[in-house]
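J.: My structure is below; once you've seen it, I'll send some questions.
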Amino acid sequence: MTATAAISLTINGEVVEARVNPRLHLADFLREQLGLTGTHIGCEHGVCGACTIRVDSSIVRGCLVLAVQADGAIVETVEGLSDSGEIADLQAAFRDRNALQCGYCTPGMLIAAQDLLLHEAAPSREAIREHLSGNYCRCTGYQAIVDAVEATARARSGGRP
Ligand code: FES
Ligand code: FES
């Protein structure tokens, strides 16, 4: 039997202490032990981006990080960004522009898009596509997603949404 390890981290503003199997991925920890199922699992090997979360202000693949590696980290999931209102306008733009259908890619897509907008106020459509190229969507064809991110950038810069 594998010994569990104690970890302490901050998730969506709350300190969480837990014992985890050292091989448990952070995405599985969030979903299975904390019920934060907004972090989706698609490929489980770093390709699809469905598990994108923020760790210490950088976006990472939750399926490629072990929960023990996040010991002491500040982790933010789509639930946290949603509850705080940080991505409310982005979520509204996704809804208004039909940038989601099944919604499976959406949490990761929102977190990746927000990461871009935090670093670049007025990204070009090419830059949006490039930044989101690690997040797969099987439904939308991406056009509407790029539209929603572009509209949010414009609105945040004081322009017309
Ligand atoms: S589930 Fe992590 S990148 Fe696909
Ligand atoms: S909306 Fe279905 S995978 Fe993107």
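Identifiers in the structure tokens: chain A, B, ... in order shown; residue index from 1 per chain; ligand index from 1 in order shown.
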Please provide the set of residues having any atom within 10 Å of Cys63 of chain A, restricted to only C-alpha atoms, with same-chain residues fewer than 5 positions apart removed, written as number ranges by chain.

T.: A: 24-29, 39-47, 49-53

J.: List every residue of chain A that DSSP, applied to the backbone of this structure, assigns to strand (DSSP E), and report them as a PyMOL selection string.

T.: chain A and resi 5-11+14-20+52-55+58-61+74-76

J.: Tell me, as a PDB file with N, CA and C atoms, in the first residue's frame, which residues lie within 7 Å of Thr10 of chain A, counting only C-alpha atoms; anything in the same chain fewer than 6 positions away does not count.

T.:
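After the write, part_1.pdb holds the following:
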ATOM      1  N   VAL A  16      -6.831  24.485   2.365  1.00  0.00           N
ATOM      2  CA  VAL A  16      -7.269  23.094   2.346  1.00  0.00           C
ATOM      3  C   VAL A  16      -6.108  22.226   2.806  1.00  0.00           C
ATOM      4  N   ALA A  73       0.800  25.845  -2.609  1.00  0.00           N
ATOM      5  CA  ALA A  73       0.454  26.712  -3.742  1.00  0.00           C
ATOM      6  C   ALA A  73      -0.911  27.390  -3.560  1.00  0.00           C
ATOM      7  N   ILE A  74      -1.113  28.382  -4.403  1.00  0.00           N
ATOM      8  CA  ILE A  74      -2.429  29.028  -4.499  1.00  0.00           C
ATOM      9  C   ILE A  74      -3.067  28.527  -5.787  1.00  0.00           C
ATOM     10  N   VAL A  75      -4.143  27.787  -5.640  1.00  0.00           N
ATOM     11  CA  VAL A  75      -4.805  27.171  -6.782  1.00  0.00           C
ATOM     12  C   VAL A  75      -6.151  27.858  -7.009  1.00  0.00           C
TER      13      VAL A  75
END

J.: Could you tell me, as a ChimeraX atom specification, which residues of segment 28-146 of chain A DSSP assigns to helix (DSSP H, G or I) when given the backbone?

T.: /A:28-33,67-70,78-83,88-96,106-119,125-131,143-146

J.: Show me which residues are within 12 Å of ligand 2 counting only C-alpha atoms and all ligand atoms, and format the list as a PyMOL selection string.

T.: chain A and resi 40-42+48-50+94-95+98-110+132+135-145

J.: Go through A:Ala70, A:Val60, A:Val78, A:Ala88 one by one, measure the shortest atom-to-atom distance of each to ligand 1 using only C-alpha atoms and all ligand atoms, and give the residue with the smallest value.

T.: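 So, comparing all the options, the nearest one is A:Val60.
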
J.: To one decimal in Å, tell me the separation between atom CA of Val15 of chain A and atom CA of Ser57 of chain A.

T.: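 If I compute the distance from atom CA of Val15 of chain A to atom CA of Ser57 of chain A, I get 16.5 Å.
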
J.: Tell me which of A:Ser133, A:Thr152, A:Gln33, A:Thr2 sits closest to ligand 1, counting only C-alpha atoms and all ligand atoms.

T.: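 Of A:Ser133, A:Thr152, A:Gln33, A:Thr2, the one nearest ligand 1, counting only C-alpha atoms and all ligand atoms, is A:Ser133.
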
J.: With distances taken over only C-alpha atoms and all ligand atoms, which residue among A:Gly134, A:Glu17, A:Ala93, A:Arg23 lies nearest ligand 1?

T.: A:Gly134

J.: If we count only C-alpha atoms and set the cut-off at 12 Å, which residues sit around Asn12 of chain A, ignoring sequence neighbours fewer than 6 positions away in its own chain? Please answer as a ChimeraX atom specification.

T.: /A:30,34,36,53-57,73-84,86
